[in-house]
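Data block for start12.txt (compact mmCIF, C-alpha atoms):
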```txt
# COMPACT_ATOMS: atom_id res chain seq x y z
CA MET I 1378 60.54 37.76 -172.10
CA ASN I 1379 59.29 41.29 -172.80
CA GLN I 1380 55.95 39.94 -173.95
CA THR I 1381 55.61 37.97 -170.71
CA ASN I 1382 56.32 41.04 -168.60
CA GLN I 1383 53.85 43.11 -170.54
CA THR I 1384 51.17 40.45 -170.10
CA TYR I 1385 51.79 40.34 -166.35
CA GLN I 1386 51.62 44.10 -165.99
CA THR I 1387 48.33 44.38 -167.81
CA THR I 1388 46.58 41.34 -166.34
CA GLN I 1389 47.78 41.16 -162.74
CA ILE I 1390 48.07 44.83 -161.80
CA PRO I 1391 45.98 46.71 -164.36
CA GLN I 1392 46.01 49.93 -162.32
CA PHE I 1393 49.68 50.40 -163.27
CA VAL I 1394 48.91 50.43 -166.97
CA TYR I 1395 49.80 53.77 -168.54
CA LEU I 1396 46.86 56.16 -168.65
CA LYS I 1397 46.67 59.25 -170.81
CA CYS I 1398 45.95 61.51 -167.83
CA TYR I 1399 49.51 60.90 -166.57
CA ASP I 1400 50.79 63.31 -169.24
CA GLU I 1401 48.91 66.12 -167.56
CA LEU I 1402 50.20 65.15 -164.10
CA TYR I 1403 53.81 65.49 -165.22
CA LYS I 1404 53.49 69.10 -166.32
CA THR I 1405 55.46 72.05 -164.92
CA TYR I 1406 53.78 73.81 -161.99
CA GLU I 1407 54.27 77.48 -161.08
CA THR I 1408 53.44 79.63 -158.06
CA ASP I 1409 54.23 83.26 -157.32
CA ARG I 1410 57.77 82.43 -156.21
CA LEU I 1411 58.46 78.90 -157.42
CA ILE I 1412 58.69 76.62 -160.45
CA LEU I 1413 58.20 72.86 -160.06
CA GLN I 1414 59.74 70.77 -162.84
CA ARG I 1415 60.21 67.02 -163.13
CA THR I 1416 63.57 66.15 -161.57
CA ASN I 1417 66.21 65.21 -164.16
CA GLU I 1418 69.90 64.30 -164.28
CA SER I 1419 71.07 67.91 -164.00
CA ASP I 1420 69.23 68.24 -160.67
CA PHE I 1421 70.82 65.22 -158.94
CA GLU I 1422 73.99 67.02 -157.79
CA PRO I 1423 72.39 70.20 -156.35
CA LEU I 1424 69.65 68.14 -154.67
CA GLY I 1425 72.22 65.69 -153.30
CA LYS I 1426 74.11 68.56 -151.68
CA ILE I 1427 70.87 69.79 -150.11
CA ILE I 1428 69.78 66.44 -148.63
CA PHE I 1429 73.36 65.72 -147.45
CA ASN I 1430 73.08 68.64 -145.03
CA LYS I 1431 72.23 67.07 -141.65
CA ASN I 1432 69.95 70.01 -140.79
CA VAL I 1433 67.90 69.11 -143.85
CA ASN I 1434 68.24 65.34 -143.72
CA MET I 1435 67.32 64.90 -140.06
CA TYR I 1436 64.21 67.03 -140.57
CA PHE I 1437 63.24 65.16 -143.70
CA GLN I 1438 60.07 63.15 -143.02
CA ARG I 1439 62.04 59.86 -143.02
CA PRO I 1440 65.74 60.73 -142.42
CA VAL I 1441 68.21 59.06 -144.77
CA MET I 1442 70.91 58.56 -142.17
CA TYR I 1443 73.36 56.54 -144.22
CA LEU I 1444 74.38 59.49 -146.41
CA ASP I 1445 78.01 59.74 -145.36
CA THR I 1446 79.38 61.45 -148.49
CA ILE I 1447 78.15 63.89 -151.11
CA ALA I 1448 78.46 61.08 -153.66
CA SER I 1449 76.16 58.80 -151.64
CA ALA I 1450 73.65 61.64 -151.29
CA ILE I 1451 73.64 62.26 -155.05
CA ASN I 1452 73.22 58.55 -155.63
CA TYR I 1453 70.30 58.50 -153.18
CA VAL I 1454 68.55 61.27 -155.12
CA ARG I 1455 69.18 59.40 -158.38
CA ASN I 1456 67.78 56.11 -157.04
CA HIS I 1457 64.87 57.79 -155.27
CA ASN I 1458 63.95 59.49 -158.54
CA TYR I 1459 63.36 56.09 -160.14
CA CYS I 1460 60.79 54.92 -157.58
CA THR I 1461 58.88 58.18 -157.07
CA VAL I 1462 57.41 60.93 -159.21
CA SER I 1463 59.70 63.78 -158.21
CA PHE I 1464 59.73 67.49 -158.95
CA THR I 1465 62.61 69.88 -158.31
CA ILE I 1466 61.51 73.02 -156.47
CA LYS I 1467 63.18 76.02 -158.11
CA LEU I 1468 63.16 79.59 -156.84
CA LYS I 1469 62.32 82.16 -159.50
CA THR I 1470 65.06 84.73 -160.10
CA ASN I 1471 65.81 87.39 -162.70
CA THR I 1472 68.08 84.89 -164.43
CA THR I 1473 68.20 81.09 -164.01
CA PRO I 1474 65.83 79.53 -161.42
CA ILE I 1475 67.71 78.10 -158.40
CA PRO I 1476 67.02 74.53 -157.14
CA ILE I 1477 66.10 74.81 -153.45
CA GLY I 1478 64.49 71.46 -152.76
CA GLN I 1479 62.36 68.62 -153.99
CA ILE I 1480 58.79 67.42 -153.70
CA GLY I 1481 57.05 64.36 -155.05
CA TYR I 1482 54.76 61.44 -154.41
CA TYR I 1483 54.82 57.67 -154.27
CA TYR I 1484 52.23 54.94 -153.94
CA ALA I 1485 51.91 54.08 -150.25
CA ASP I 1486 50.29 50.74 -151.05
CA TYR I 1487 50.27 48.34 -153.97
CA THR I 1488 46.64 49.00 -154.92
CA SER I 1489 47.42 52.63 -155.88
CA LYS I 1490 44.61 53.83 -153.61
CA GLU I 1491 46.96 55.69 -151.27
CA ILE I 1492 49.74 58.11 -152.16
CA GLY I 1493 52.40 59.47 -149.84
CA VAL I 1494 54.01 62.87 -150.30
CA PHE I 1495 57.61 63.82 -149.51
CA TYR I 1496 59.45 67.15 -149.64
CA TYR I 1497 62.60 68.86 -148.38
CA ILE I 1498 63.96 72.39 -148.65
CA ASP I 1499 67.51 73.79 -148.56
CA GLU I 1500 68.36 74.98 -145.03
CA ASN I 1501 69.00 78.51 -146.36
CA TYR I 1502 65.35 78.72 -147.39
CA HIS I 1503 63.66 77.30 -144.30
CA LYS I 1504 60.82 79.15 -142.55
CA LYS I 1505 59.78 81.04 -145.67
CA GLY I 1506 56.74 78.96 -146.58
CA TYR I 1507 58.28 77.40 -149.69
CA ALA I 1508 57.38 73.79 -148.84
CA SER I 1509 53.66 74.44 -148.48
CA GLU I 1510 53.68 76.85 -151.44
CA ALA I 1511 55.10 74.07 -153.62
CA ALA I 1512 52.94 71.31 -152.18
CA VAL I 1513 49.45 72.78 -152.48
CA PRO I 1514 49.12 73.18 -156.29
CA LEU I 1515 50.90 69.89 -156.94
CA ILE I 1516 48.90 67.86 -154.43
CA ARG I 1517 45.60 69.42 -155.49
CA HIS I 1518 46.28 68.43 -159.07
CA LEU I 1519 47.44 64.93 -158.18
CA PHE I 1520 44.62 64.28 -155.78
CA GLU I 1521 41.98 65.48 -158.21
CA ASN I 1522 43.31 63.65 -161.26
CA LEU I 1523 45.08 60.44 -160.23
CA PRO I 1524 42.88 57.49 -161.13
CA ILE I 1525 41.88 55.10 -158.35
CA THR I 1526 43.69 57.08 -155.65
CA ASN I 1527 41.44 58.14 -152.76
CA THR I 1528 43.83 58.85 -149.86
CA LEU I 1529 46.75 61.23 -149.40
CA LYS I 1530 49.23 60.71 -146.56
CA ILE I 1531 51.93 63.03 -145.20
CA ASP I 1532 54.11 61.62 -142.44
CA PHE I 1533 56.87 63.11 -140.27
CA ASN I 1534 59.05 62.28 -137.30
CA GLU I 1535 57.23 62.81 -134.03
CA ASN I 1536 59.73 65.41 -132.74
CA ASN I 1537 59.91 67.32 -136.03
CA ILE I 1538 57.72 70.28 -135.11
CA ALA I 1539 58.49 72.22 -138.31
CA SER I 1540 57.52 69.30 -140.56
CA ARG I 1541 54.34 68.74 -138.52
CA LYS I 1542 53.31 72.37 -138.99
CA THR I 1543 54.05 72.23 -142.70
CA ALA I 1544 52.06 69.02 -143.15
CA LEU I 1545 49.10 70.49 -141.27
CA LYS I 1546 49.18 73.69 -143.32
CA ILE I 1547 49.22 71.69 -146.56
CA CYS I 1548 46.24 69.62 -145.44
CA ASN I 1549 44.32 72.69 -144.27
CA ASP I 1550 44.94 74.46 -147.58
CA ILE I 1551 43.74 71.41 -149.55
CA MET I 1552 40.62 71.22 -147.38
CA LYS I 1553 39.77 74.82 -148.27
CA TYR I 1554 39.18 73.64 -151.82
CA HIS I 1555 37.57 70.35 -150.82
CA PRO I 1556 35.75 70.72 -147.47
CA ASP I 1557 33.87 67.51 -148.20
CA TYR I 1558 37.09 65.47 -147.91
CA VAL I 1559 37.82 63.72 -144.60
CA PHE I 1560 40.87 64.89 -142.63
CA GLY I 1561 42.51 62.82 -139.90
CA GLU I 1562 45.68 61.91 -138.04
CA LEU I 1563 47.58 58.73 -138.83
CA THR I 1564 48.00 56.18 -136.08
CA PRO I 1565 51.52 56.79 -134.67
CA PHE I 1566 53.99 54.26 -136.00
CA THR I 1567 57.59 53.31 -135.24
CA ASP I 1568 60.46 52.73 -137.63
CA LYS I 1569 62.72 50.12 -136.08
CA TYR I 1570 66.42 49.60 -136.81
CA THR I 1571 68.22 46.45 -135.67
CA LEU I 1572 71.96 45.95 -136.11
CA SER I 1573 72.83 42.97 -138.28
CA ASP I 1574 75.38 40.39 -137.14
CA GLU I 1575 77.09 40.62 -140.50
CA PRO I 1576 80.53 42.31 -140.69
CA PRO I 1577 80.80 45.91 -141.98
CA VAL I 1578 80.48 46.42 -145.73
CA TRP I 1579 82.64 49.12 -147.33
CA GLY I 1580 83.16 50.72 -143.94
CA ASN I 1581 79.43 50.68 -143.18
CA VAL I 1582 77.36 48.53 -140.84
CA LYS I 1583 74.12 46.91 -141.92
CA TYR I 1584 70.83 47.52 -140.10
CA TYR I 1585 67.52 45.82 -140.69
CA PHE I 1586 64.84 48.45 -141.17
CA ASP I 1587 61.25 47.60 -140.31
CA GLY I 1588 58.90 50.47 -141.13
CA PHE I 1589 55.18 50.92 -141.62
CA ASP I 1590 55.52 50.92 -145.42
CA ARG I 1591 58.57 48.75 -146.14
CA LYS I 1592 61.18 46.36 -144.75
CA CYS I 1593 64.77 46.29 -145.97
CA PHE I 1594 68.45 46.43 -145.03
CA VAL I 1595 70.22 49.79 -144.95
CA LEU I 1596 73.89 50.69 -144.56
CA TYR I 1597 75.08 53.31 -142.08
CA PRO I 1598 78.57 54.70 -141.39
CA GLU I 1599 80.26 52.57 -138.76
CA ASN I 1600 80.40 55.31 -136.15
CA PHE I 1601 77.05 56.99 -136.90
CA PHE I 1602 75.19 55.29 -134.07
CA ASN I 1603 78.26 53.92 -132.29
CA LYS I 1604 77.05 50.48 -133.38
CA THR I 1605 73.88 50.69 -131.30
CA LYS I 1606 72.16 47.33 -131.73
CA TYR I 1607 68.64 48.73 -131.75
CA PHE I 1608 66.96 52.11 -132.02
CA GLU I 1609 63.57 53.47 -133.00
CA LEU I 1610 62.16 56.57 -134.64
CA LEU I 1611 58.59 57.41 -133.72
CA SER I 1612 56.56 58.94 -136.54
CA ASN I 1613 53.14 60.39 -137.03
CA GLY I 1614 51.24 62.04 -139.84
CA TYR I 1615 48.02 63.30 -141.38
CA PHE I 1616 45.76 62.00 -144.11
CA ILE I 1617 43.05 63.34 -146.39
CA LYS I 1618 40.50 60.93 -147.84
CA LYS I 1619 37.97 61.42 -150.59
CA THR I 1620 34.41 60.76 -149.46
CA THR I 1621 33.17 59.74 -152.89
```
Spit out the file's structure as structure tokens when you get a sec.
Amino acid sequence: MNQTNQTYQTTQIPQFVYLKCYDELYKTYETDRLILQRTNESDFEPLGKIIFNKNVNMYFQRPVMYLDTIASAINYVRNHNYCTVSFTIKLKTNTTPIPIGQIGYYYADYTSKEIGVFYYIDENYHKKGYASEAAVPLIRHLFENLPITNTLKIDFNENNIASRKTALKICNDIMKYHPDYVFGELTPFTDKYTLSDEPPVWGNVKYYFDGFDRKCFVLYPENFFNKTKYFELLSNGYFIKKTT
């Protein structure tokens, strides 16, 4: 069985084969105020408490609106960590660095040519420039060293002015180092949520999610949307593309 899986991975999707340069991508990054380290088990609880805060979650690029308990938020961080390359953003102090958020990337398509970037910051540290300070060195390194990848995408909810400004600042700062790259705005897209006819599960109702990058079912607290049968979230974003 293992031999079959290994054969499939190397023959059908060779771009996912381990490459030596990945070791360098997973290093620790530092800025004047921050340390970025690969997210591990000890980070799940503090990060879960951060993303559980509605003032953080609803301004996350793609809100995770089914986080109805701290435990579900911690579990979300744990599961998300398995399908993305995630770094915990830690504030430098005179003693132990403090986790104040998370940043990372994921493949936006199955060819590995496009990567998407996500990030969120503790509400107590908003409007201090930490998100862009963390993003620039990480994204520069990823974008310059990831094999095959030629496009970087950062998306946000249409009415999230703060996230829009942050995304634009990140792109502008990257372009300072690479003015030959192409910058542009993503075509606006809509995430659609449709209430399922199935009965509630564990006190939650099931919605079918149809987004620009995935389709799946998600569970929401029964009273979160007052059982609205259909709602949409309009999103937008920016991209940077290598010209060569």
For this session: May I have the protein, DNA and RNA residues with an atom at most 8 Å from (57.7, 74.2, -148.9), counting all atoms listed in the file in the file's coordinates, returned as a ChimeraX atom specification?
Result: /I:1496-1498,1505-1512,1543
For this session: Pull the neighbourhood of (44.9, 54.1, -152.1) for me: all residues within 9 Å in file coordinates, counting all atoms listed in the file, as a list in words.
Result: Tyr1484, Ala1485, Asp1486, Tyr1487, Thr1488, Ser1489, Lys1490, Glu1491, Ile1492, Ile1525, Thr1526, Asn1527, Thr1528 and Leu1529 of chain I
Save out the residues we just selected, C-alpha atoms, as a PDB file, in the frame of the given file.
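Saved result, part_23.pdb, follows:
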```
ATOM      1  CA  TYR I1484      52.230  54.940-153.940  1.00  0.00           C
ATOM      2  CA  ALA I1485      51.910  54.080-150.250  1.00  0.00           C
ATOM      3  CA  ASP I1486      50.290  50.740-151.050  1.00  0.00           C
ATOM      4  CA  TYR I1487      50.270  48.340-153.970  1.00  0.00           C
ATOM      5  CA  THR I1488      46.640  49.000-154.920  1.00  0.00           C
ATOM      6  CA  SER I1489      47.420  52.630-155.880  1.00  0.00           C
ATOM      7  CA  LYS I1490      44.610  53.830-153.610  1.00  0.00           C
ATOM      8  CA  GLU I1491      46.960  55.690-151.270  1.00  0.00           C
ATOM      9  CA  ILE I1492      49.740  58.110-152.160  1.00  0.00           C
ATOM     10  CA  ILE I1525      41.880  55.100-158.350  1.00  0.00           C
ATOM     11  CA  THR I1526      43.690  57.080-155.650  1.00  0.00           C
ATOM     12  CA  ASN I1527      41.440  58.140-152.760  1.00  0.00           C
ATOM     13  CA  THR I1528      43.830  58.850-149.860  1.00  0.00           C
ATOM     14  CA  LEU I1529      46.750  61.230-149.400  1.00  0.00           C
TER      15      LEU I1529
END
```
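Interatomic distance, CA of Ala1448 in chain I against CA of His1503 in chain I: 23.9 Å.
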Exercise. Separation of CA of Val1433 in chain I and CA of Leu1563 in chain I, in Å?
Worked result: 23.4 Å
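Minimum distance to Thr1470 in chain I across I:Ile1547, I:Ile1412, I:Val1582, I:Ile1531 (counting all atoms listed in the file) occurs at I:Ile1412.
Between CA of Pro1576 in chain I and CA of Leu1596 in chain I lies a distance of 11.4 Å.
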Seminar exercise, completed: Of I:Ile1428, I:Leu1523, I:Val1441, I:Ile1516, the one nearest to Val1494 in chain I when counting all atoms listed in the file is I:Ile1516
